[in-house]
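Have a look at structure_1.cif; it's mmCIF, C-alpha atoms:
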data_target
#
loop_
_atom_site.label_atom_id
_atom_site.label_comp_id
_atom_site.auth_asym_id
_atom_site.auth_seq_id
_atom_site.Cartn_x
_atom_site.Cartn_y
_atom_site.Cartn_z
CA MET A 212 -53.07 7.60 -1.12
CA GLN A 213 -52.52 7.70 2.61
CA PRO A 214 -49.65 9.96 3.78
CA SER A 215 -48.04 6.98 5.51
CA ALA A 216 -47.90 5.15 2.18
CA ILE A 217 -45.81 7.87 0.50
CA ARG A 218 -42.25 6.68 0.02
CA GLN A 219 -39.86 8.88 1.97
CA PRO A 220 -36.17 9.44 1.21
CA ARG A 221 -34.03 6.99 3.14
CA ASP A 222 -32.11 8.51 6.02
CA TYR A 223 -28.59 7.05 6.09
CA GLY A 224 -27.46 9.13 9.04
CA LEU A 225 -24.04 10.65 9.32
CA VAL A 226 -22.35 7.68 7.60
CA ASN A 227 -23.82 5.38 4.97
CA TRP A 228 -22.45 2.23 6.56
CA ILE A 229 -24.28 -0.06 4.13
CA GLY A 230 -22.81 1.68 1.09
CA LEU A 231 -19.34 1.91 2.60
CA TRP A 232 -19.28 -1.77 3.59
CA THR A 233 -20.69 -2.86 0.23
CA LEU A 234 -18.05 -0.96 -1.72
CA TYR A 235 -15.29 -2.27 0.55
CA LEU A 236 -16.47 -5.87 0.05
CA LYS A 237 -16.73 -5.29 -3.69
CA GLU A 238 -13.11 -4.09 -3.80
CA VAL A 239 -11.86 -6.98 -1.66
CA GLN A 240 -13.77 -9.58 -3.68
CA ARG A 241 -12.40 -8.02 -6.87
CA PHE A 242 -8.81 -8.97 -6.00
CA ILE A 243 -9.70 -12.24 -4.23
CA LYS A 244 -11.35 -13.54 -7.40
CA VAL A 245 -7.97 -13.34 -9.12
CA ILE A 246 -5.93 -14.26 -6.05
CA THR A 247 -3.36 -16.10 -8.17
CA GLN A 248 -2.46 -12.79 -9.79
CA THR A 249 -2.96 -10.47 -6.81
CA VAL A 250 -1.48 -12.46 -3.90
CA LEU A 251 0.32 -15.58 -5.13
CA ALA A 252 2.20 -13.85 -7.98
CA PRO A 253 3.86 -11.36 -5.59
CA VAL A 254 4.97 -14.33 -3.46
CA VAL A 255 6.76 -15.92 -6.41
CA THR A 256 8.32 -12.61 -7.52
CA THR A 257 9.54 -11.82 -4.00
CA LEU A 258 11.03 -15.29 -3.53
CA LEU A 259 12.95 -14.84 -6.80
CA PHE A 260 14.36 -11.53 -5.53
CA PHE A 261 15.22 -13.22 -2.26
CA ALA A 262 17.01 -16.13 -3.95
CA VAL A 263 18.97 -13.94 -6.37
CA PHE A 264 20.18 -11.43 -3.81
CA ALA A 265 20.85 -14.01 -1.11
CA LEU A 266 22.96 -16.13 -3.46
CA ALA A 267 24.73 -13.19 -5.11
CA LEU A 268 25.56 -11.33 -1.90
CA GLY A 269 26.50 -14.15 0.38
CA GLY A 270 23.30 -15.21 2.10
CA ALA A 271 23.86 -16.25 5.70
CA VAL A 272 27.64 -15.78 5.38
CA ARG A 273 27.52 -12.00 4.95
CA GLN A 274 26.62 -9.91 7.99
CA VAL A 275 24.67 -6.62 7.96
CA GLY A 276 24.23 -4.81 11.24
CA GLY A 277 25.36 -7.87 13.15
CA MET A 278 22.81 -10.23 11.56
CA PRO A 279 22.87 -12.60 8.57
CA PHE A 280 22.11 -10.82 5.32
CA ILE A 281 19.08 -13.01 4.58
CA GLU A 282 17.47 -11.97 7.87
CA PHE A 283 18.19 -8.33 7.01
CA LEU A 284 16.82 -8.78 3.49
CA ALA A 285 13.55 -10.57 4.31
CA PRO A 286 11.66 -7.69 6.02
CA GLY A 287 12.56 -5.27 3.23
CA LEU A 288 11.25 -7.62 0.56
CA ILE A 289 8.04 -8.27 2.51
CA MET A 290 7.38 -4.54 2.86
CA MET A 291 8.25 -3.83 -0.77
CA ALA A 292 5.74 -6.43 -1.98
CA THR A 293 3.14 -5.14 0.49
CA THR A 294 3.33 -1.53 -0.61
CA GLN A 295 3.50 -2.23 -4.33
CA ASN A 296 0.37 -4.36 -4.18
CA ALA A 297 -1.53 -1.87 -2.02
CA PHE A 298 -0.77 0.73 -4.71
CA ALA A 299 -1.80 -1.63 -7.50
CA ASN A 300 -5.12 -2.42 -5.85
CA THR A 301 -6.53 1.10 -5.68
CA SER A 302 -4.91 2.47 -8.82
CA SER A 303 -6.02 -0.41 -11.04
CA SER A 304 -9.57 -0.44 -9.65
CA ILE A 305 -10.18 3.26 -10.34
CA MET A 306 -8.35 3.26 -13.66
CA ILE A 307 -10.18 0.20 -15.02
CA SER A 308 -13.54 1.58 -13.89
CA LYS A 309 -12.82 4.81 -15.75
CA VAL A 310 -11.69 3.03 -18.92
CA GLN A 311 -14.65 0.62 -18.93
CA GLY A 312 -17.09 3.43 -18.15
CA ASN A 313 -18.59 1.79 -15.06
CA ILE A 314 -17.19 4.36 -12.62
CA VAL A 315 -20.72 5.82 -12.73
CA ASP A 316 -21.87 2.82 -10.69
CA VAL A 317 -19.77 4.15 -7.83
CA LEU A 318 -20.61 7.83 -8.29
CA MET A 319 -24.41 7.54 -8.50
CA PRO A 320 -25.21 5.80 -5.17
CA PRO A 321 -25.57 7.98 -2.05
CA ILE A 322 -21.96 7.50 -0.96
CA SER A 323 -19.95 10.52 0.13
CA ALA A 324 -16.35 11.28 -0.85
CA GLY A 325 -15.20 10.25 2.63
CA GLU A 326 -16.99 6.91 2.38
CA LEU A 327 -15.50 6.28 -1.06
CA LEU A 328 -12.08 7.07 0.31
CA VAL A 329 -12.39 4.77 3.31
CA ALA A 330 -13.67 1.85 1.21
CA TYR A 331 -10.98 2.13 -1.48
CA ALA A 332 -8.13 2.77 0.95
CA MET A 333 -9.05 0.00 3.39
CA ALA A 334 -9.42 -2.51 0.55
CA GLY A 335 -5.87 -1.61 -0.51
CA VAL A 336 -4.68 -2.04 3.09
CA THR A 337 -6.42 -5.42 3.25
CA ARG A 338 -4.58 -6.61 0.15
CA GLY A 339 -1.34 -5.25 1.59
CA PHE A 340 -1.77 -7.27 4.80
CA MET A 341 -2.67 -10.42 2.85
CA VAL A 342 0.42 -10.10 0.67
CA ALA A 343 2.62 -9.41 3.72
CA LEU A 344 1.31 -12.55 5.45
CA ALA A 345 1.65 -14.72 2.34
CA VAL A 346 5.18 -13.53 1.56
CA GLY A 347 6.27 -13.85 5.19
CA LEU A 348 5.01 -17.42 5.44
CA SER A 349 6.68 -18.35 2.15
CA MET A 350 10.05 -17.12 3.48
CA LEU A 351 9.92 -19.10 6.73
CA PRO A 352 11.71 -22.16 5.30
CA PHE A 353 14.61 -19.98 4.09
CA ALA A 354 15.02 -17.25 6.72
CA GLU A 355 14.45 -17.06 10.45
CA ILE A 356 11.59 -14.60 10.78
CA ARG A 357 10.68 -13.71 14.33
CA VAL A 358 8.76 -10.70 15.58
CA HIS A 359 10.76 -8.39 17.82
CA ASP A 360 7.97 -5.81 18.33
CA TRP A 361 4.42 -6.68 17.22
CA LEU A 362 3.15 -3.12 17.60
CA ALA A 363 5.88 -1.68 15.38
CA ALA A 364 5.52 -4.44 12.78
CA LEU A 365 1.74 -4.00 12.48
CA TYR A 366 1.91 -0.21 12.51
CA PHE A 367 4.45 0.05 9.70
CA VAL A 368 2.62 -2.51 7.54
CA PHE A 369 -0.59 -0.55 8.05
CA ALA A 370 1.03 2.84 7.46
CA GLY A 371 2.91 1.65 4.37
CA SER A 372 -0.18 -0.01 2.88
CA LEU A 373 -2.34 3.02 3.62
CA ILE A 374 0.10 5.51 2.10
CA LEU A 375 0.50 3.50 -1.09
CA SER A 376 -3.25 2.92 -1.30
CA LEU A 377 -3.75 6.69 -1.16
CA ILE A 378 -1.05 7.27 -3.77
CA GLY A 379 -2.80 4.66 -5.90
CA ILE A 380 -6.08 6.55 -5.60
CA ILE A 381 -4.38 9.76 -6.73
CA ALA A 382 -2.69 7.94 -9.62
CA GLY A 383 -5.95 6.29 -10.65
CA LEU A 384 -7.79 9.62 -10.64
CA TRP A 385 -5.04 11.40 -12.56
CA SER A 386 -4.42 8.69 -15.18
CA GLN A 387 -6.52 8.81 -18.32
CA LYS A 388 -4.89 5.82 -20.00
CA PHE A 389 -2.75 2.87 -18.99
CA ASP A 390 0.44 4.62 -20.15
CA HIS A 391 -0.10 7.23 -17.43
CA MET A 392 -0.43 4.52 -14.80
CA ALA A 393 2.69 2.75 -16.05
CA ALA A 394 4.60 6.04 -15.81
CA VAL A 395 3.67 6.48 -12.14
CA THR A 396 4.63 2.88 -11.38
CA ASN A 397 7.91 2.90 -13.30
CA PHE A 398 9.16 6.39 -12.48
CA VAL A 399 7.84 6.96 -8.96
CA VAL A 400 6.82 3.85 -7.02
CA THR A 401 9.43 1.36 -8.19
CA PRO A 402 12.49 3.67 -7.91
CA LEU A 403 11.48 4.84 -4.43
CA ALA A 404 10.98 1.23 -3.34
CA PHE A 405 14.36 0.08 -4.66
CA LEU A 406 16.26 3.08 -3.27
CA SER A 407 14.87 2.74 0.24
CA GLY A 408 17.31 0.35 1.88
CA THR A 409 15.50 -2.84 0.90
CA PHE A 410 18.68 -4.57 -0.26
CA TYR A 411 21.33 -2.65 1.68
CA SER A 412 21.91 -0.64 4.83
CA VAL A 413 21.75 3.11 4.27
CA GLN A 414 24.53 3.44 6.86
CA GLN A 415 26.92 2.49 4.04
CA LEU A 416 25.89 5.44 1.86
CA PRO A 417 27.85 8.70 1.44
CA PRO A 418 26.49 11.63 3.50
CA PHE A 419 24.44 13.17 0.67
CA TRP A 420 22.72 9.92 -0.28
CA TYR A 421 22.26 9.02 3.38
CA ALA A 422 20.33 12.26 3.85
CA ALA A 423 18.40 11.67 0.62
CA ALA A 424 17.36 8.22 1.84
CA HIS A 425 15.79 9.82 4.91
CA ALA A 426 13.63 11.98 2.63
CA ASN A 427 12.17 8.81 1.09
CA PRO A 428 9.03 7.62 2.93
CA PHE A 429 9.71 4.08 1.72
CA PHE A 430 12.86 4.11 3.85
CA PHE A 431 10.83 4.70 7.01
CA MET A 432 8.35 1.97 6.05
CA ILE A 433 11.04 -0.62 5.49
CA ASP A 434 13.28 0.48 8.34
CA GLY A 435 10.38 0.50 10.80
CA PHE A 436 9.11 -2.89 9.70
CA ARG A 437 12.63 -4.30 9.83
CA TYR A 438 12.87 -3.06 13.40
CA GLY A 439 9.53 -4.73 14.18
CA LEU A 440 10.84 -8.10 12.97
CA THR A 441 14.54 -8.02 13.86
CA GLY A 442 15.15 -5.12 16.23
CA HIS A 443 17.66 -3.64 13.76
CA THR A 444 17.17 -0.09 12.53
CA ASP A 445 19.16 2.37 10.42
CA GLY A 446 17.15 5.37 11.60
CA ASP A 447 14.94 6.57 14.42
CA VAL A 448 11.80 4.42 14.61
CA LEU A 449 9.76 7.09 16.40
CA VAL A 450 10.70 9.73 13.82
CA GLY A 451 9.74 7.30 11.07
CA ALA A 452 6.39 6.52 12.68
CA VAL A 453 5.54 10.23 13.04
CA ALA A 454 6.74 11.02 9.51
CA LEU A 455 4.59 8.28 7.97
CA GLY A 456 1.61 9.42 10.01
CA GLY A 457 2.06 12.95 8.66
CA VAL A 458 2.42 11.74 5.07
CA ALA A 459 -0.69 9.57 5.41
CA LEU A 460 -2.71 12.47 6.83
CA ALA A 461 -1.63 14.83 4.03
CA LEU A 462 -2.44 12.27 1.34
CA TRP A 463 -5.80 11.50 2.98
CA VAL A 464 -6.80 15.19 2.87
CA LEU A 465 -5.67 15.47 -0.76
CA CYS A 466 -7.55 12.33 -1.83
CA HIS A 467 -10.71 13.51 -0.08
CA ARG A 468 -10.57 16.87 -1.87
CA LEU A 469 -10.01 15.21 -5.26
CA LEU A 470 -12.88 12.76 -4.77
CA LYS A 471 -15.18 15.50 -3.51
CA ARG A 472 -14.43 17.58 -6.63
CA GLY A 473 -14.89 14.54 -8.86
CA TYR A 474 -11.42 15.14 -10.28
CA ARG A 475 -11.28 13.45 -13.70
CA LEU A 476 -14.29 11.34 -12.74
CA ARG A 477 -16.98 13.57 -14.18
CA PRO A 478 -17.15 15.14 -17.65
#

Give the structure from the file, written as structure tokens.
Amino acid sequence: MQPSAIRQPRDYGLVNWIGLWTLYLKEVQRFIKVITQTVLAPVVTTLLFFAVFALALGGAVRQVGGMPFIEFLAPGLIMMATTQNAFANTSSSIMISKVQGNIVDVLMPPISAGELLVAYAMAGVTRGFMVALAVGLSMLPFAEIRVHDWLAALYFVFAGSLILSLIGIIAGLWSQKFDHMAAVTNFVVTPLAFLSGTFYSVQQLPPFWYAAAHANPFFFMIDGFRYGLTGHTDGDVLVGAVALGGVALALWVLCHRLLKRGYRLRP
């Protein structure tokens, strides 16, 4: 056999772009194939929240921060749906792969921990943006949604989706059965989302709870996105942007270390 005919190991370079892109597309196609469940269902759920709270609390009659309540409510609901679905995308993908035993299909190819992390996280961000767009468009007939600051709106959607995607990766790695995943959703994600100023202004809270709200990253996501759409804010937008960036960086480092160790992925 001639030396030139000997098969040599493939050199992927510093980044295996083919593997990264393939895994990202696989994760995106996974939720697009069931788009009724992954994108349209959150639209219906969010519209129900919108209708109930708008009717119960006065709708356009009640004012919050000098604006109609429905205009105050809409950005919070959009962000809540965005973050919850970004979390669901990564957590369910990893958890189901572990339960079905096909997680090995992801671990065996020459894909590094960093490439796995980018693919999973960006797929979650993609679903978050799709849900945000779908929910926002569905609310247009009922609330006046206009963008006050495009940069702020896009940044906080991205930061919120990324943070929840990373939390979803951690939850998916940690969970060994669906009860574990339900516990994270019911006792961590949902309470933080509901206690973040989605349905009310934190300015109305007593001092202790006002301070506690500012320790909740969901508050900065919703408050920043609300500023991006309406110009109204209950906190400091710059502080919120920096805080979310710090949280995202810390979670990114943690996720990378867990994936590199193969935490609960390998026997």

Step by step, work through what the PyMOL selection byres ((chain A and resi 307-322) around 8) selects in the shown file, and finish by giving those residues as a VMD selection string.
chain A and resid 227 230 to 231 303 to 306 323 to 324 326 to 327 387 to 388 476

Two-atom distance - CA of Ile356 in chain A, CA of Phe283 in chain A (Å):
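Interatomic distance here is 9.9 Å.
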
For Leu416 in chain A, please output as number ranges by chain all residues within 12 Å (counting only C-alpha atoms; exclusion window: fewer than 6 positions along the same chain).
A: 406-408, 422-425, 445

Using all atoms listed in the file, I'd like a table of the residues in range 388-445 of chain A that come within 12 Å of range 289-297 of chain A; for each, show the closest atom pair and its distance in Å rounded to one decimal, ordered by chain and ascending number, as a Markdown table.
| residue | atom | partner | partner_atom | distance |
| --- | --- | --- | --- | --- |
| A:Val395 | CA | A:Gln295 | CA | 11.7 |
| A:Thr396 | CA | A:Gln295 | CA | 8.8 |
| A:Asn397 | CA | A:Gln295 | CA | 11.2 |
| A:Val399 | CA | A:Gln295 | CA | 11.2 |
| A:Val400 | CA | A:Gln295 | CA | 7.4 |
| A:Thr401 | CA | A:Gln295 | CA | 7.9 |
| A:Pro402 | CA | A:Met291 | CA | 11.2 |
| A:Leu403 | CA | A:Met291 | CA | 9.9 |
| A:Ala404 | CA | A:Met291 | CA | 6.3 |
| A:Phe405 | CA | A:Met291 | CA | 8.2 |
| A:Leu406 | CA | A:Met291 | CA | 10.9 |
| A:Ser407 | CA | A:Met291 | CA | 9.4 |
| A:Gly408 | CA | A:Met291 | CA | 10.3 |
| A:Thr409 | CA | A:Met291 | CA | 7.5 |
| A:Phe410 | CA | A:Met291 | CA | 10.5 |
| A:Pro428 | CA | A:Thr294 | CA | 11.3 |
| A:Phe429 | CA | A:Met291 | CA | 8.4 |
| A:Phe430 | CA | A:Met291 | CA | 10.3 |
| A:Phe431 | CA | A:Met290 | CA | 10.7 |
| A:Met432 | CA | A:Met290 | CA | 7.3 |
| A:Ile433 | CA | A:Met290 | CA | 6.0 |
| A:Asp434 | CA | A:Met290 | CA | 9.5 |
| A:Gly435 | CA | A:Met290 | CA | 9.9 |
| A:Phe436 | CA | A:Met290 | CA | 7.2 |
| A:Arg437 | CA | A:Met290 | CA | 8.7 |
| A:Tyr438 | CA | A:Met290 | CA | 12.0 |
| A:Gly439 | CA | A:Met290 | CA | 11.5 |
| A:Leu440 | CA | A:Ile289 | CA | 10.8 |

Nearest to Ser302 in chain A by atom-to-atom distance, counting all atoms listed in the file, from A:Phe389, A:Trp228, A:Phe264, A:Tyr411:
A:Phe389

Atom-to-atom span, CA of Gly371 in chain A and CA of Arg338 in chain A, Å
11.9 Å

Give as a list in words the residues that the PyMOL selection byres ((chain A and resi 285) around 8) matches when applied to the coordinates above.
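Applying the expression gives Phe261, Ile281, Glu282, Phe283, Leu284, Pro286, Gly287, Leu288, Ile289, Met350, Ala354 and Ile356 of chain A.
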
Could you pull the residues within 10 Å of range 453-459 of chain A, counting only C-alpha atoms, minus those fewer than 4 positions along the same chain, as a PyMOL selection string?
chain A and resi 366-367+370-378+426+428-429+431-432+448-449+463-465

Distance of CA of Arg357 in chain A from CA of Gln274 in chain A, expressed in Å to one decimal place:
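So the two atoms, CA of Gln274 in chain A and CA of Arg357 in chain A, lie 17.6 Å apart.
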
Explicit residue set for the PyMOL selection byres ((chain A and resi 243-251) around 8), as an MDAnalysis selection string:
chainID A and resid 239:242 252:255 296 338 341:342 345

Proximity to Val358 in chain A - best of A:Thr441, A:Phe280, A:Leu384, A:Tyr421, only C-alpha atoms
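Once distances to Val358 in chain A are computed over only C-alpha atoms, the minimum belongs to A:Thr441.
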
Centre and edge lengths of an axis-aligned box around all listed atoms of range 379-389 of chain A, with 3 Å added on each side, are to be given in Å to one decimal, as AutoDock Vina command-line options.
--center_x -5.2 --center_y 7.1 --center_z -12.8 --size_x 11.1 --size_y 14.5 --size_z 20.4

Quick one: residues within 9 Å of (-14.6, -4.0, 3.2) (file frame), counting only C-alpha atoms, please, as a list in words.
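The distance filter leaves exactly Leu231, Trp232, Thr233, Leu234, Tyr235, Leu236, Lys237, Glu238, Val239, Gln240, Ala330, Tyr331, Met333, Ala334 and Thr337 of chain A.
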
Residue among A:Leu259, A:Ala364, A:Ala265, A:Val275 lying closest to Leu344 in chain A, counting all atoms listed in the file
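Under the stated criterion, the closest residue is A:Ala364.
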
Residue contacts of Trp385 in chain A (9 Å, only C-alpha atoms) excluding same-chain residues fewer than 5 positions away, as a list in words
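Residues near the query, excluding close chain neighbours: Met306, Ile380, His391, Met392, Tyr474 and Arg475 of chain A.
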
Select, from A:Thr256, A:Ala343, A:Val226, A:Pro352, the residue with the minimum atom-to-atom distance to Val368 in chain A, counting all atoms listed in the file.
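Of A:Thr256, A:Ala343, A:Val226, A:Pro352, the one nearest Val368 in chain A, counting all atoms listed in the file, is A:Ala343.
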
Restricting the calculation to all atoms listed in the file: of A:Ala299, A:Val263, A:Leu362, A:Val413, which residue gets closest to Ala452 in chain A?
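When distances to Ala452 in chain A are compared using all atoms listed in the file, the smallest one comes from A:Leu362.
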
Place N, CA, C and O atoms on range 389-400 of chain A and deliver the coordinates as a PDB file, keeping the file's coordinate frame.
ATOM      1  N   PHE A 389      -3.639   3.776 -19.705  1.00  0.00           N
ATOM      2  CA  PHE A 389      -2.750   2.870 -18.990  1.00  0.00           C
ATOM      3  C   PHE A 389      -1.288   3.327 -19.048  1.00  0.00           C
ATOM      4  O   PHE A 389      -0.497   2.992 -18.170  1.00  0.00           O
ATOM      5  N   ASP A 390      -0.922   4.089 -20.075  1.00  0.00           N
ATOM      6  CA  ASP A 390       0.440   4.620 -20.150  1.00  0.00           C
ATOM      7  C   ASP A 390       0.730   5.555 -18.974  1.00  0.00           C
ATOM      8  O   ASP A 390       1.842   5.580 -18.450  1.00  0.00           O
ATOM      9  N   HIS A 391      -0.271   6.339 -18.579  1.00  0.00           N
ATOM     10  CA  HIS A 391      -0.100   7.230 -17.430  1.00  0.00           C
ATOM     11  C   HIS A 391       0.157   6.424 -16.153  1.00  0.00           C
ATOM     12  O   HIS A 391       1.024   6.773 -15.348  1.00  0.00           O
ATOM     13  N   MET A 392      -0.608   5.355 -15.984  1.00  0.00           N
ATOM     14  CA  MET A 392      -0.430   4.520 -14.800  1.00  0.00           C
ATOM     15  C   MET A 392       0.939   3.851 -14.796  1.00  0.00           C
ATOM     16  O   MET A 392       1.608   3.764 -13.752  1.00  0.00           O
ATOM     17  N   ALA A 393       1.372   3.384 -15.956  1.00  0.00           N
ATOM     18  CA  ALA A 393       2.690   2.750 -16.050  1.00  0.00           C
ATOM     19  C   ALA A 393       3.785   3.753 -15.721  1.00  0.00           C
ATOM     20  O   ALA A 393       4.801   3.392 -15.103  1.00  0.00           O
ATOM     21  N   ALA A 394       3.597   5.019 -16.111  1.00  0.00           N
ATOM     22  CA  ALA A 394       4.600   6.040 -15.810  1.00  0.00           C
ATOM     23  C   ALA A 394       4.736   6.247 -14.308  1.00  0.00           C
ATOM     24  O   ALA A 394       5.851   6.361 -13.787  1.00  0.00           O
ATOM     25  N   VAL A 395       3.620   6.307 -13.592  1.00  0.00           N
ATOM     26  CA  VAL A 395       3.670   6.480 -12.140  1.00  0.00           C
ATOM     27  C   VAL A 395       4.372   5.282 -11.494  1.00  0.00           C
ATOM     28  O   VAL A 395       5.218   5.435 -10.606  1.00  0.00           O
ATOM     29  N   THR A 396       4.031   4.089 -11.953  1.00  0.00           N
ATOM     30  CA  THR A 396       4.630   2.880 -11.380  1.00  0.00           C
ATOM     31  C   THR A 396       6.127   2.820 -11.650  1.00  0.00           C
ATOM     32  O   THR A 396       6.924   2.560 -10.741  1.00  0.00           O
ATOM     33  N   ASN A 397       6.522   3.086 -12.896  1.00  0.00           N
ATOM     34  CA  ASN A 397       7.910   2.900 -13.300  1.00  0.00           C
ATOM     35  C   ASN A 397       8.842   4.024 -12.863  1.00  0.00           C
ATOM     36  O   ASN A 397      10.037   3.796 -12.631  1.00  0.00           O
ATOM     37  N   PHE A 398       8.295   5.238 -12.761  1.00  0.00           N
ATOM     38  CA  PHE A 398       9.160   6.390 -12.480  1.00  0.00           C
ATOM     39  C   PHE A 398       9.001   6.958 -11.066  1.00  0.00           C
ATOM     40  O   PHE A 398       9.762   7.830 -10.671  1.00  0.00           O
ATOM     41  N   VAL A 399       8.029   6.468 -10.325  1.00  0.00           N
ATOM     42  CA  VAL A 399       7.840   6.960  -8.960  1.00  0.00           C
ATOM     43  C   VAL A 399       7.896   5.812  -7.956  1.00  0.00           C
ATOM     44  O   VAL A 399       8.788   5.754  -7.094  1.00  0.00           O
ATOM     45  N   VAL A 400       6.959   4.885  -8.051  1.00  0.00           N
ATOM     46  CA  VAL A 400       6.820   3.850  -7.020  1.00  0.00           C
ATOM     47  C   VAL A 400       8.003   2.897  -7.002  1.00  0.00           C
ATOM     48  O   VAL A 400       8.623   2.668  -5.949  1.00  0.00           O
TER      49      VAL A 400
END
